[in-house]
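**Q** One file: work_8.pdb (PDB, C-alpha atoms and all ligand atoms).
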ATOM      1  CA  MET P   1     -17.309  28.703   4.723
ATOM      2  CA  TYR P   2     -16.772  25.474   6.613
ATOM      3  CA  VAL P   3     -19.755  23.171   5.986
ATOM      4  CA  LYS P   4     -21.394  21.090   8.696
ATOM      5  CA  SER P   5     -21.416  17.936   6.604
ATOM      6  CA  THR P   6     -19.647  16.987   3.341
ATOM      7  CA  LYS P   7     -23.036  15.666   2.167
ATOM      8  CA  GLU P   8     -24.133  19.283   1.569
ATOM      9  CA  ILE P   9     -21.527  19.554  -1.192
ATOM     10  CA  LEU P  10     -21.917  16.089  -2.713
ATOM     11  CA  ASP P  11     -25.721  15.953  -2.809
ATOM     12  CA  LYS P  12     -25.670  19.141  -4.893
ATOM     13  CA  ALA P  13     -23.036  17.679  -7.209
ATOM     14  CA  ASN P  14     -25.132  14.519  -7.588
ATOM     15  CA  ALA P  15     -28.249  16.516  -8.461
ATOM     16  CA  GLY P  16     -26.283  18.781 -10.832
ATOM     17  CA  TYR P  17     -24.250  16.022 -12.557
ATOM     18  CA  TYR P  18     -20.816  17.445 -11.791
ATOM     19  CA  GLY P  19     -17.756  16.336  -9.875
ATOM     20  CA  VAL P  20     -16.033  17.888  -6.873
ATOM     21  CA  GLY P  21     -12.335  17.349  -6.251
ATOM     22  CA  ALA P  22     -11.268  15.866  -2.924
ATOM     23  CA  PHE P  23      -7.663  16.929  -2.467
ATOM     24  CA  ASN P  24      -5.262  15.406   0.074
ATOM     25  CA  ILE P  25      -3.235  17.569   2.423
ATOM     26  CA  ASN P  26      -0.677  16.986   5.153
ATOM     27  CA  ASP P  27       0.220  20.575   5.907
ATOM     28  CA  ILE P  28      -0.391  24.257   5.241
ATOM     29  CA  GLU P  29       1.438  24.299   1.892
ATOM     30  CA  PHE P  30      -0.974  22.043  -0.025
ATOM     31  CA  LEU P  31      -3.965  23.599   1.763
ATOM     32  CA  ALA P  32      -2.919  27.109   0.706
ATOM     33  CA  GLY P  33      -2.637  26.100  -2.964
ATOM     34  CA  ILE P  34      -5.986  24.269  -2.938
ATOM     35  CA  MET P  35      -7.844  27.115  -1.202
ATOM     36  CA  SER P  36      -6.475  29.757  -3.580
ATOM     37  CA  ALA P  37      -7.714  27.697  -6.525
ATOM     38  CA  ALA P  38     -11.159  27.138  -4.942
ATOM     39  CA  VAL P  39     -11.629  30.873  -4.348
ATOM     40  CA  GLU P  40     -10.402  31.831  -7.815
ATOM     41  CA  LYS P  41     -12.660  29.246  -9.475
ATOM     42  CA  ARG P  42     -15.637  29.827  -7.129
ATOM     43  CA  SER P  43     -15.709  26.071  -6.574
ATOM     44  CA  PRO P  44     -16.839  23.952  -3.632
ATOM     45  CA  VAL P  45     -13.924  21.900  -2.359
ATOM     46  CA  ILE P  46     -13.267  18.839  -0.208
ATOM     47  CA  ILE P  47     -10.007  18.764   1.714
ATOM     48  CA  GLN P  48      -9.050  15.292   2.855
ATOM     49  CA  ALA P  49      -6.461  13.856   5.218
ATOM     50  CA  SER P  50      -5.312  10.252   5.542
ATOM     51  CA  GLU P  51      -4.352   8.490   8.777
ATOM     52  CA  GLY P  52      -0.735   9.227   7.835
ATOM     53  CA  ALA P  53      -1.571  12.913   7.362
ATOM     54  CA  MET P  54      -3.123  13.035  10.829
ATOM     55  CA  ALA P  55       0.014  11.539  12.398
ATOM     56  CA  TYR P  56       2.236  13.906  10.389
ATOM     57  CA  ALA P  57       0.263  17.017  11.356
ATOM     58  CA  GLY P  58       0.372  15.953  15.022
ATOM     59  CA  ASN P  59       4.131  15.315  14.964
ATOM     60  CA  GLY P  60       3.464  11.612  15.533
ATOM     61  CA  ASP P  61       0.245  11.959  17.539
ATOM     62  CA  PHE P  62      -2.699  11.338  15.179
ATOM     63  CA  ARG P  63      -5.315  12.545  17.683
ATOM     64  CA  LYS P  64      -3.509  15.862  18.057
ATOM     65  CA  GLY P  65      -3.053  15.940  14.280
ATOM     66  CA  ALA P  66      -6.816  15.628  13.766
ATOM     67  CA  TYR P  67      -7.304  18.828  15.800
ATOM     68  CA  VAL P  68      -4.421  20.626  14.071
ATOM     69  CA  LEU P  69      -5.882  19.830  10.643
ATOM     70  CA  THR P  70      -9.404  20.823  11.663
ATOM     71  CA  ASP P  71      -8.128  24.113  13.080
ATOM     72  CA  ILE P  72      -6.144  25.102   9.999
ATOM     73  CA  VAL P  73      -8.815  24.043   7.503
ATOM     74  CA  ARG P  74     -11.555  25.833   9.484
ATOM     75  CA  ARG P  75      -9.415  28.961   9.730
ATOM     76  CA  TYR P  76      -8.712  28.954   5.974
ATOM     77  CA  ALA P  77     -12.400  28.239   5.248
ATOM     78  CA  ASP P  78     -13.812  30.916   7.568
ATOM     79  CA  ASP P  79     -13.428  33.962   5.368
ATOM     80  CA  VAL P  80     -13.849  32.479   1.887
ATOM     81  CA  PRO P  81     -17.090  32.520  -0.137
ATOM     82  CA  VAL P  82     -16.945  28.823  -1.121
ATOM     83  CA  PRO P  83     -18.096  25.696   0.789
ATOM     84  CA  VAL P  84     -15.187  23.755   2.279
ATOM     85  CA  ALA P  85     -15.390  20.226   3.736
ATOM     86  CA  LEU P  86     -12.806  18.225   5.693
ATOM     87  CA  HIS P  87     -12.852  14.452   5.176
ATOM     88  CA  LEU P  88     -10.956  11.522   6.688
ATOM     89  CA  ASP P  89      -9.495   9.578   3.742
ATOM     90  CA  HIS P  90      -9.188   5.764   4.145
ATOM     91  CA  GLY P  91      -9.920   5.467   7.862
ATOM     92  CA  HIS P  92      -9.057   1.868   8.644
ATOM     93  CA  ASP P  93      -9.885   1.655  12.332
ATOM     94  CA  MET P  94     -12.259   3.052  14.917
ATOM     95  CA  ASP P  95      -9.496   5.029  16.680
ATOM     96  CA  HIS P  96      -8.797   7.194  13.630
ATOM     97  CA  VAL P  97     -12.484   7.527  12.759
ATOM     98  CA  MET P  98     -13.338   8.648  16.305
ATOM     99  CA  ALA P  99     -10.396  11.087  16.392
ATOM    100  CA  ALA P 100     -11.615  12.723  13.171
ATOM    101  CA  ILE P 101     -15.228  12.926  14.362
ATOM    102  CA  LYS P 102     -14.249  14.382  17.746
ATOM    103  CA  ALA P 103     -11.940  16.964  16.176
ATOM    104  CA  GLY P 104     -14.662  18.290  13.858
ATOM    105  CA  PHE P 105     -14.116  16.711  10.422
ATOM    106  CA  THR P 106     -17.242  17.039   8.250
ATOM    107  CA  SER P 107     -17.130  13.418   7.020
ATOM    108  CA  VAL P 108     -15.171  10.205   7.447
ATOM    109  CA  MET P 109     -14.321   7.296   5.205
ATOM    110  CA  ILE P 110     -14.367   3.890   6.820
ATOM    111  CA  ASP P 111     -12.342   1.629   4.555
ATOM    112  CA  ALA P 112     -13.036  -1.984   5.453
ATOM    113  CA  SER P 113     -12.913  -3.013   1.789
ATOM    114  CA  ALA P 114     -10.153  -5.564   2.415
ATOM    115  CA  ARG P 115     -12.481  -7.514   4.724
ATOM    116  CA  PRO P 116     -15.253  -9.938   3.721
ATOM    117  CA  PHE P 117     -18.501  -8.252   2.631
ATOM    118  CA  GLU P 118     -20.443  -9.004   5.843
ATOM    119  CA  GLU P 119     -17.651  -7.591   8.031
ATOM    120  CA  ASN P 120     -17.355  -4.467   5.879
ATOM    121  CA  LEU P 121     -21.112  -4.052   6.199
ATOM    122  CA  ALA P 122     -21.102  -4.437   9.996
ATOM    123  CA  ILE P 123     -18.161  -2.047  10.559
ATOM    124  CA  THR P 124     -19.560   0.551   8.164
ATOM    125  CA  SER P 125     -23.004   0.382   9.845
ATOM    126  CA  GLU P 126     -21.384   1.057  13.221
ATOM    127  CA  VAL P 127     -19.490   4.092  11.865
ATOM    128  CA  VAL P 128     -22.625   5.432  10.163
ATOM    129  CA  LYS P 129     -24.513   5.267  13.473
ATOM    130  CA  ILE P 130     -21.824   7.255  15.321
ATOM    131  CA  ALA P 131     -21.111   9.778  12.539
ATOM    132  CA  HIS P 132     -24.763  10.500  11.809
ATOM    133  CA  ALA P 133     -25.383  11.122  15.503
ATOM    134  CA  ALA P 134     -22.656  13.773  15.250
ATOM    135  CA  GLY P 135     -24.289  15.232  12.104
ATOM    136  CA  ILE P 136     -21.544  14.255   9.682
ATOM    137  CA  SER P 137     -21.471  11.957   6.659
ATOM    138  CA  VAL P 138     -19.733   8.669   5.823
ATOM    139  CA  GLU P 139     -17.984   7.163   2.796
ATOM    140  CA  ALA P 140     -17.263   3.441   2.421
ATOM    141  CA  GLU P 141     -15.633   1.297  -0.247
ATOM    142  CA  LEU P 142     -16.526  -1.911  -2.083
ATOM    143  CA  GLY P 143     -14.067  -3.906  -4.189
ATOM    144  CA  ARG P 144     -10.305  -3.437  -4.325
ATOM    145  CA  LEU P 145      -8.326  -0.535  -5.798
ATOM    146  CA  VAL P 146      -5.624  -2.572  -7.457
ATOM    147  CA  GLY P 147      -6.202  -1.555 -11.062
ATOM    148  CA  VAL P 148      -7.141  -4.126 -13.680
ATOM    149  CA  GLU P 149      -5.097  -5.090 -16.729
ATOM    150  CA  ASP P 150      -6.733  -5.649 -20.112
ATOM    151  CA  ASN P 151      -6.197  -9.375 -20.357
ATOM    152  CA  VAL P 152      -7.649 -10.625 -17.070
ATOM    153  CA  SER P 153     -10.499 -13.127 -17.004
ATOM    154  CA  VAL P 154     -14.094 -12.215 -16.106
ATOM    155  CA  ALA P 155     -13.699 -14.167 -12.840
ATOM    156  CA  GLU P 156     -10.608 -12.135 -11.903
ATOM    157  CA  ARG P 157     -12.376  -8.850 -12.668
ATOM    158  CA  ASP P 158     -15.366  -9.900 -10.585
ATOM    159  CA  ALA P 159     -13.104 -10.774  -7.664
ATOM    160  CA  THR P 160     -11.468  -7.344  -7.723
ATOM    161  CA  LEU P 161     -14.131  -4.877  -8.827
ATOM    162  CA  VAL P 162     -17.381  -3.863  -7.129
ATOM    163  CA  ASP P 163     -20.407  -6.157  -7.424
ATOM    164  CA  PRO P 164     -23.415  -3.875  -8.216
ATOM    165  CA  ASN P 165     -25.878  -6.201  -6.459
ATOM    166  CA  GLU P 166     -23.741  -6.115  -3.311
ATOM    167  CA  ALA P 167     -23.531  -2.311  -3.619
ATOM    168  CA  LYS P 168     -27.327  -2.036  -3.506
ATOM    169  CA  ILE P 169     -27.606  -4.238  -0.403
ATOM    170  CA  PHE P 170     -24.645  -2.468   1.236
ATOM    171  CA  VAL P 171     -26.057   1.033   0.751
ATOM    172  CA  GLU P 172     -29.538   0.047   1.896
ATOM    173  CA  LYS P 173     -28.332  -1.771   5.009
ATOM    174  CA  THR P 174     -25.578   0.616   6.156
ATOM    175  CA  GLY P 175     -27.186   3.972   5.298
ATOM    176  CA  VAL P 176     -23.785   5.147   4.034
ATOM    177  CA  ASP P 177     -23.812   8.570   2.316
ATOM    178  CA  PHE P 178     -21.204   8.069  -0.441
ATOM    179  CA  LEU P 179     -19.762   4.911  -1.934
ATOM    180  CA  ALA P 180     -16.386   4.264  -3.566
ATOM    181  CA  PRO P 181     -16.929   1.422  -6.055
ATOM    182  CA  ALA P 182     -13.743  -0.183  -7.380
ATOM    183  CA  ILE P 183     -13.983   0.134 -11.184
ATOM    184  CA  GLY P 184     -10.348  -0.262 -12.231
ATOM    185  CA  THR P 185      -8.323   2.620 -10.796
ATOM    186  CA  SER P 186      -5.421   2.367  -8.360
ATOM    187  CA  HIS P 187      -3.521   4.829  -6.187
ATOM    188  CA  GLY P 188      -0.241   6.470  -7.175
ATOM    189  CA  ALA P 189       1.479   7.426 -10.430
ATOM    190  CA  PHE P 190       1.435   4.025 -12.200
ATOM    191  CA  LYS P 191      -2.195   3.173 -12.824
ATOM    192  CA  PHE P 192      -2.272   1.573 -16.256
ATOM    193  CA  LYS P 193       0.204  -0.398 -18.370
ATOM    194  CA  GLY P 194      -1.804   0.039 -21.585
ATOM    195  CA  GLU P 195      -4.820   2.204 -22.300
ATOM    196  CA  ALA P 196      -6.572   3.862 -19.334
ATOM    197  CA  LYS P 197      -9.834   1.930 -19.179
ATOM    198  CA  LEU P 198     -12.432   1.916 -16.401
ATOM    199  CA  ASP P 199     -15.441  -0.388 -16.103
ATOM    200  CA  PHE P 200     -18.175   2.137 -16.913
ATOM    201  CA  GLU P 201     -20.817  -0.525 -17.467
ATOM    202  CA  ARG P 202     -20.322  -1.625 -13.837
ATOM    203  CA  LEU P 203     -20.305   2.003 -12.660
ATOM    204  CA  GLN P 204     -23.639   2.708 -14.348
ATOM    205  CA  ARG P 205     -25.199  -0.354 -12.718
ATOM    206  CA  VAL P 206     -23.944   0.736  -9.268
ATOM    207  CA  LYS P 207     -25.362   4.236  -9.786
ATOM    208  CA  ALA P 208     -28.726   2.940 -11.007
ATOM    209  CA  MET P 209     -28.987   0.660  -7.981
ATOM    210  CA  THR P 210     -27.778   3.095  -5.281
ATOM    211  CA  LYS P 211     -28.410   6.632  -6.606
ATOM    212  CA  ILE P 212     -26.057   8.145  -3.988
ATOM    213  CA  PRO P 213     -22.908  10.213  -4.750
ATOM    214  CA  LEU P 214     -20.104   7.890  -5.890
ATOM    215  CA  VAL P 215     -16.385   8.364  -5.326
ATOM    216  CA  LEU P 216     -13.481   7.745  -7.703
ATOM    217  CA  HIS P 217     -10.292   6.906  -5.819
ATOM    218  CA  GLY P 218      -6.992   6.882  -7.638
ATOM    219  CA  ALA P 219      -8.271   9.624  -9.941
ATOM    220  CA  SER P 220      -5.054  11.584 -10.544
ATOM    221  CA  SER P 221      -4.309  12.297 -14.186
ATOM    222  CA  VAL P 222      -0.496  12.213 -13.813
ATOM    223  CA  LEU P 223       0.241  15.243 -15.975
ATOM    224  CA  GLU P 224       2.998  14.625 -18.490
ATOM    225  CA  GLU P 225       4.314  18.186 -18.193
ATOM    226  CA  ASP P 226       4.824  17.890 -14.416
ATOM    227  CA  VAL P 227       6.409  14.434 -14.669
ATOM    228  CA  GLN P 228       8.838  15.747 -17.299
ATOM    229  CA  LYS P 229       9.703  18.783 -15.181
ATOM    230  CA  ALA P 230      10.355  16.608 -12.120
ATOM    231  CA  ASN P 231      12.542  14.270 -14.194
ATOM    232  CA  ALA P 232      14.438  17.213 -15.717
ATOM    233  CA  TYR P 233      15.432  18.238 -12.194
ATOM    234  CA  GLY P 234      16.578  14.849 -10.964
ATOM    235  CA  ALA P 235      13.429  12.808 -10.286
ATOM    236  CA  LYS P 236      13.137   9.280 -11.674
ATOM    237  CA  ILE P 237       9.469   8.810 -12.484
ATOM    238  CA  GLU P 238       9.367   6.491 -15.499
ATOM    239  CA  GLY P 239       6.286   4.939 -17.133
ATOM    240  CA  ALA P 240       3.803   6.927 -15.040
ATOM    241  CA  LYS P 241       0.198   6.943 -16.283
ATOM    242  CA  GLY P 242      -3.004   8.374 -14.804
ATOM    243  CA  VAL P 243      -6.681   8.866 -15.613
ATOM    244  CA  PRO P 244      -7.004  11.238 -18.627
ATOM    245  CA  PHE P 245      -9.380  14.211 -18.397
ATOM    246  CA  ASP P 246     -11.870  12.755 -20.905
ATOM    247  CA  VAL P 247     -12.091   9.543 -18.849
ATOM    248  CA  LEU P 248     -12.727  11.614 -15.701
ATOM    249  CA  LYS P 249     -15.505  13.492 -17.502
ATOM    250  CA  GLU P 250     -17.062  10.232 -18.651
ATOM    251  CA  SER P 251     -16.970   8.827 -15.123
ATOM    252  CA  ILE P 252     -18.841  11.920 -13.891
ATOM    253  CA  LYS P 253     -21.438  11.427 -16.599
ATOM    254  CA  TYR P 254     -22.041   7.917 -15.237
ATOM    255  CA  GLY P 255     -22.408   8.935 -11.592
ATOM    256  CA  ILE P 256     -19.056   9.815  -9.981
ATOM    257  CA  ASN P 257     -19.259  13.011  -7.859
ATOM    258  CA  LYS P 258     -16.167  12.941  -5.607
ATOM    259  CA  ILE P 259     -12.824  12.763  -7.379
ATOM    260  CA  ASN P 260      -9.911  11.885  -5.099
ATOM    261  CA  THR P 261      -6.633  13.527  -6.037
ATOM    262  CA  ASP P 262      -3.322  13.333  -4.222
ATOM    263  CA  THR P 263      -0.634  12.117  -6.631
ATOM    264  CA  ASP P 264      -1.090  15.037  -9.092
ATOM    265  CA  LEU P 265      -0.509  17.547  -6.279
ATOM    266  CA  ARG P 266       2.532  15.633  -5.047
ATOM    267  CA  ILE P 267       4.134  15.522  -8.501
ATOM    268  CA  ALA P 268       3.420  19.213  -9.221
ATOM    269  CA  PHE P 269       4.781  20.283  -5.826
ATOM    270  CA  ILE P 270       7.910  18.136  -6.002
ATOM    271  CA  ALA P 271       8.681  19.135  -9.607
ATOM    272  CA  GLU P 272       8.562  22.834  -8.724
ATOM    273  CA  LEU P 273      10.462  22.311  -5.488
ATOM    274  CA  ARG P 274      13.256  20.473  -7.319
ATOM    275  CA  LYS P 275      13.416  23.298  -9.872
ATOM    276  CA  ALA P 276      13.518  26.002  -7.193
ATOM    277  CA  LEU P 277      16.241  24.177  -5.248
ATOM    278  CA  HIS P 278      18.255  23.878  -8.459
ATOM    279  CA  ASP P 279      17.693  27.502  -9.558
ATOM    280  CA  LYS P 280      18.497  29.169  -6.225
ATOM    281  CA  PRO P 281      21.580  27.474  -4.763
ATOM    282  CA  SER P 282      22.329  30.307  -2.334
ATOM    283  CA  GLU P 283      18.771  30.593  -0.954
ATOM    284  CA  ILE P 284      18.242  29.287   2.586
ATOM    285  CA  ASP P 285      14.728  30.543   3.347
ATOM    286  CA  PRO P 286      12.423  27.530   2.807
ATOM    287  CA  ARG P 287       9.484  29.833   2.078
ATOM    288  CA  ASN P 288      11.154  30.907  -1.150
ATOM    289  CA  PHE P 289      11.194  27.276  -2.291
ATOM    290  CA  PHE P 290       7.676  26.515  -1.083
ATOM    291  CA  LYS P 291       5.983  29.554  -2.641
ATOM    292  CA  PRO P 292       6.439  28.453  -6.292
ATOM    293  CA  ALA P 293       5.569  24.870  -5.282
ATOM    294  CA  ILE P 294       2.288  26.111  -3.713
ATOM    295  CA  GLU P 295       1.541  27.949  -6.978
ATOM    296  CA  ALA P 296       2.089  24.682  -8.857
ATOM    297  CA  VAL P 297      -0.462  22.940  -6.601
ATOM    298  CA  LYS P 298      -2.919  25.795  -7.182
ATOM    299  CA  LYS P 299      -2.547  25.457 -10.965
ATOM    300  CA  VAL P 300      -3.275  21.712 -10.918
ATOM    301  CA  VAL P 301      -6.305  22.130  -8.640
ATOM    302  CA  ALA P 302      -7.746  25.027 -10.672
ATOM    303  CA  GLN P 303      -7.438  23.037 -13.888
ATOM    304  CA  ARG P 304      -9.169  20.049 -12.304
ATOM    305  CA  MET P 305     -12.036  22.215 -11.053
ATOM    306  CA  ASP P 306     -12.690  23.223 -14.665
ATOM    307  CA  VAL P 307     -12.443  19.628 -15.887
ATOM    308  CA  LEU P 308     -14.738  18.220 -13.166
ATOM    309  CA  GLY P 309     -17.323  20.957 -13.682
ATOM    310  CA  SER P 310     -17.244  22.386 -10.137
ATOM    311  CA  SER P 311     -15.919  25.809 -11.210
ATOM    312  CA  GLY P 312     -18.586  28.464 -10.696
ATOM    313  CA  LYS P 313     -20.779  26.141  -8.601
ATOM    314  CA  ALA P 314     -20.133  27.908  -5.254
TER     315      ALA P 314
HETATM  316  O1  LIG Y 401      -5.015   7.210  -0.964
HETATM  317  C1  LIG Y 401      -4.101   7.607  -0.280
HETATM  318  C2  LIG Y 401      -3.690   9.033  -0.306
HETATM  319  O2  LIG Y 401      -2.922   9.293  -1.460
HETATM  320  C3  LIG Y 401      -2.968   9.367   0.975
HETATM  321  O3  LIG Y 401      -1.772   8.693   1.033
HETATM  322  O4  LIG Y 401      -1.537   7.419   3.168
HETATM  323  O5  LIG Y 401       0.463   8.348   1.937
HETATM  324  O6  LIG Y 401      -1.102   9.882   3.166
HETATM  325  P1  LIG Y 401      -0.931   8.579   2.419
HETATM  326  P1  LIG Y 402      -4.302   9.331  -6.529
HETATM  327  O1  LIG Y 402      -3.126   8.529  -6.049
HETATM  328  O2  LIG Y 402      -4.686   8.934  -7.927
HETATM  329  O3  LIG Y 402      -4.094  10.795  -6.402
HETATM  330  O4  LIG Y 402      -5.569   8.946  -5.611
HETATM  331  C1  LIG Y 402      -5.718   9.516  -4.344
HETATM  332  C2  LIG Y 402      -6.785   8.856  -3.566
HETATM  333  O5  LIG Y 402      -7.557   8.040  -4.030
HETATM  334  C3  LIG Y 402      -6.921   9.249  -2.140
HETATM  335  O6  LIG Y 402      -7.896   8.508  -1.481
HETATM  336 ZN    ZN Y 403      -8.028   6.494  -2.113
END
Let's see the structure in the file written out as structure tokens.
Ligand code: G3H
Ligand code: 13P
Ligand code: ZN
**A**
Amino acid sequence: MYVKSTKEILDKANAGYYGVGAFNINDIEFLAGIMSAAVEKRSPVIIQASEGAMAYAGNGDFRKGAYVLTDIVRRYADDVPVPVALHLDHGHDMDHVMAAIKAGFTSVMIDASARPFEENLAITSEVVKIAHAAGISVEAELGRLVGVEDNVSVAERDATLVDPNEAKIFVEKTGVDFLAPAIGTSHGAFKFKGEAKLDFERLQRVKAMTKIPLVLHGASSVLEEDVQKANAYGAKIEGAKGVPFDVLKESIKYGINKINTDTDLRIAFIAELRKALHDKPSEIDPRNFFKPAIEAVKKVVAQRMDVLGSSGKA
């Protein structure tokens, strides 16, 4: 079932101390894999689309893409027994936010985290007013998702990561529904040079001071098996490192409820696609390459639902 607001899913996760995966899509292939996993695992699920995904789905027209994505996600959600949300990931401007709201997304992220605190606060407040009037929820971000190496100074960490006191003021003043606090992750396949370490002390302070569902961006685990498979079939992904499962579980224990995952799906899909292209040189029907790649996405999503604790919660 397609929910009215993503908040329905995340408030339950917050109360029940579990995490829900928010998986990025651009097209039907990733969506199909994610939905199959959600149904099999009886898990609530958040589908999310970036500004780039909206443009891609609309063949260059992001407003059209917002409708295309809403239509396909709603259609896939209609006849399944699990709650499904559709979220705008990293909306940077009002045009994309408005397009998502008008098309029927169930939540939007306004990402003004690169701007000074007061500007972020003002922009987020404006989005909250509009989205709440439409009955949908809002995510915002504080701090920067650049990852943090072991040997940086306290001043450097403070400049990059979320300030818990600011988080409290920000949540109170904006009325935002979910917050993404920067605690040391980064996007993509190369998150850590050494050990995967997040600032859990900071996370706990943010949770204690805000109490709302918190979001972990850059949460892909970068599965060794999928990286090796991709490399065996011609990819060149060297030195990749993600957030291990035990670190994800710990982050949920300290207050994370929405776990953003894109890179793991991309690697799994591409690895299987490369293999299928290699194994079937005389095949010309793209569906016969995509089908095993969709299965690979499903496998990654299903495994994450178990790890995050959302399996069986629908
Ligand atoms: O955080 C970003 C997501 O992985 C989406 O990436 O902007 O390439 O669609 P994208
Ligand atoms: P990954 O690159 O770790 O998958 O993170 C995705 C993300 O944060 C989307 O907002
Ligand atoms: Zn992100």
**Q** What lies within 12 Å of P:Asn288 using only C-alpha atoms, ignoring chain neighbours under 5 positions off, as a PyMOL selection string?
**A** chain P and resi 272-273+275-277+279-283+293-295
**Q** Written as a ChimeraX atom specification, which residues does the PyMOL selection byres (((not hetatm)) within 12 of (chain Y and resi 401)) give for the file shown?
**A** /P:22-27,47-57,87-92,109,111,145-146,185-189,216-220,259-267
**Q** If we count all atoms listed in the file, what is near P:Asp177 at a cut-off of 7 Å, once residues fewer than 6 positions away on the same chain are taken out, given as an NGL selection string?
**A** :P and (137-139 or 212)
**Q** Could you tell me which residues the PyMOL selection byres (((chain P and resi 246) around 12) and not hetatm) grabs in this file, written as a PyMOL selection string?
**A** chain P and resi 196-198+219+221+242-245+247-253+304+307-308
**Q** Around all listed atoms of stretch 266-281 of chain P, padded 5 Å per side, what centre and edge lengths does the axis-aligned box have in Å to one decimal, as JSON?
**A**
{"center_x": 12.1, "center_y": 22.3, "center_z": -7.3, "size_x": 29.0, "size_y": 23.6, "size_z": 15.1}
**Q** Dig up all the protein and nucleic acid residues within 7 Å of (-20.6, 28.2, -6.5) in the file frame, using only C-alpha atoms, and format them as a list in words.
**A**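 Looking at atoms near the point gives Arg42, Ser43, Pro44, Val82, Gly312, Lys313 and Ala314 of chain P.
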**Q** Just give me the gap between atom CA of P:Val128 and atom O6 of ligand LIG 402 (chain Y) in Å, one decimal is fine.
**A**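 About the pair atom CA of P:Val128 and atom O6 of ligand LIG 402 (chain Y): they are 19.0 Å apart.
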**Q** Do you have the atom CA of P:Tyr17-atom CA of P:Gln204 distance handy?
**A**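 Interatomic distance, atom CA of P:Tyr17 to atom CA of P:Gln204: 13.4 Å.
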**Q** Which residues are near P:Asn165? Cut-off 8 Å, only C-alpha atoms, ignore same chain within fewer than 2 positions. Put them as an MDAnalysis selection string.
**A** chainID P and resid 163 167:169 206 209
**Q** Please write the residues from the selection above to a file, keeping C-alpha atoms, as an mmCIF file, in the frame of the given file.
**A**
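Saved the output as again.cif:
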data_model
loop_
_atom_site.group_PDB
_atom_site.id
_atom_site.type_symbol
_atom_site.label_atom_id
_atom_site.label_comp_id
_atom_site.auth_asym_id
_atom_site.auth_seq_id
_atom_site.Cartn_x
_atom_site.Cartn_y
_atom_site.Cartn_z
ATOM 1 C CA ASP P 163 -20.407 -6.157 -7.424
ATOM 2 C CA ALA P 167 -23.531 -2.311 -3.619
ATOM 3 C CA LYS P 168 -27.327 -2.036 -3.506
ATOM 4 C CA ILE P 169 -27.606 -4.238 -0.403
ATOM 5 C CA VAL P 206 -23.944 0.736 -9.268
ATOM 6 C CA MET P 209 -28.987 0.660 -7.981
#
**Q** Given the PyMOL selection byres (((chain P and resi 36) around 10) and not hetatm) and the file above, list the residues it selects as an mmCIF file with C-alpha atoms, in the coordinates of the input.
**A**
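Wrote it out as out-v9.cif, contents follow:
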data_model
loop_
_atom_site.group_PDB
_atom_site.id
_atom_site.type_symbol
_atom_site.label_atom_id
_atom_site.label_comp_id
_atom_site.auth_asym_id
_atom_site.auth_seq_id
_atom_site.Cartn_x
_atom_site.Cartn_y
_atom_site.Cartn_z
ATOM 1 C CA LEU P 31 -3.965 23.599 1.763
ATOM 2 C CA ALA P 32 -2.919 27.109 0.706
ATOM 3 C CA GLY P 33 -2.637 26.100 -2.964
ATOM 4 C CA ILE P 34 -5.986 24.269 -2.938
ATOM 5 C CA MET P 35 -7.844 27.115 -1.202
ATOM 6 C CA ALA P 37 -7.714 27.697 -6.525
ATOM 7 C CA ALA P 38 -11.159 27.138 -4.942
ATOM 8 C CA VAL P 39 -11.629 30.873 -4.348
ATOM 9 C CA GLU P 40 -10.402 31.831 -7.815
ATOM 10 C CA LYS P 41 -12.660 29.246 -9.475
ATOM 11 C CA ARG P 42 -15.637 29.827 -7.129
ATOM 12 C CA TYR P 76 -8.712 28.954 5.974
ATOM 13 C CA VAL P 80 -13.849 32.479 1.887
ATOM 14 C CA ILE P 294 2.288 26.111 -3.713
ATOM 15 C CA GLU P 295 1.541 27.949 -6.978
ATOM 16 C CA VAL P 297 -0.462 22.940 -6.601
ATOM 17 C CA LYS P 298 -2.919 25.795 -7.182
ATOM 18 C CA LYS P 299 -2.547 25.457 -10.965
ATOM 19 C CA VAL P 301 -6.305 22.130 -8.640
ATOM 20 C CA ALA P 302 -7.746 25.027 -10.672
#
**Q** So that I can check the surroundings of P:Ala131, please list as a PyMOL selection string every protein, DNA and RNA residue that reaches within 9 Å of it, counting all atoms listed in the file and ignoring chain neighbours fewer than 6 positions away.
**A** chain P and resi 97-98+101+107-108+137-138
**Q** What is the distance between atom CA of P:Lys229 and atom CA of P:Lys258, in Å to one decimal?
**A**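 A separation of 28.2 Å between them.
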**Q** From the options P:Tyr67, P:Tyr18, P:Phe200, P:Phe62, which residue's atoms come nearest to P:Pro181, counting all atoms listed in the file?
**A** P:Phe200
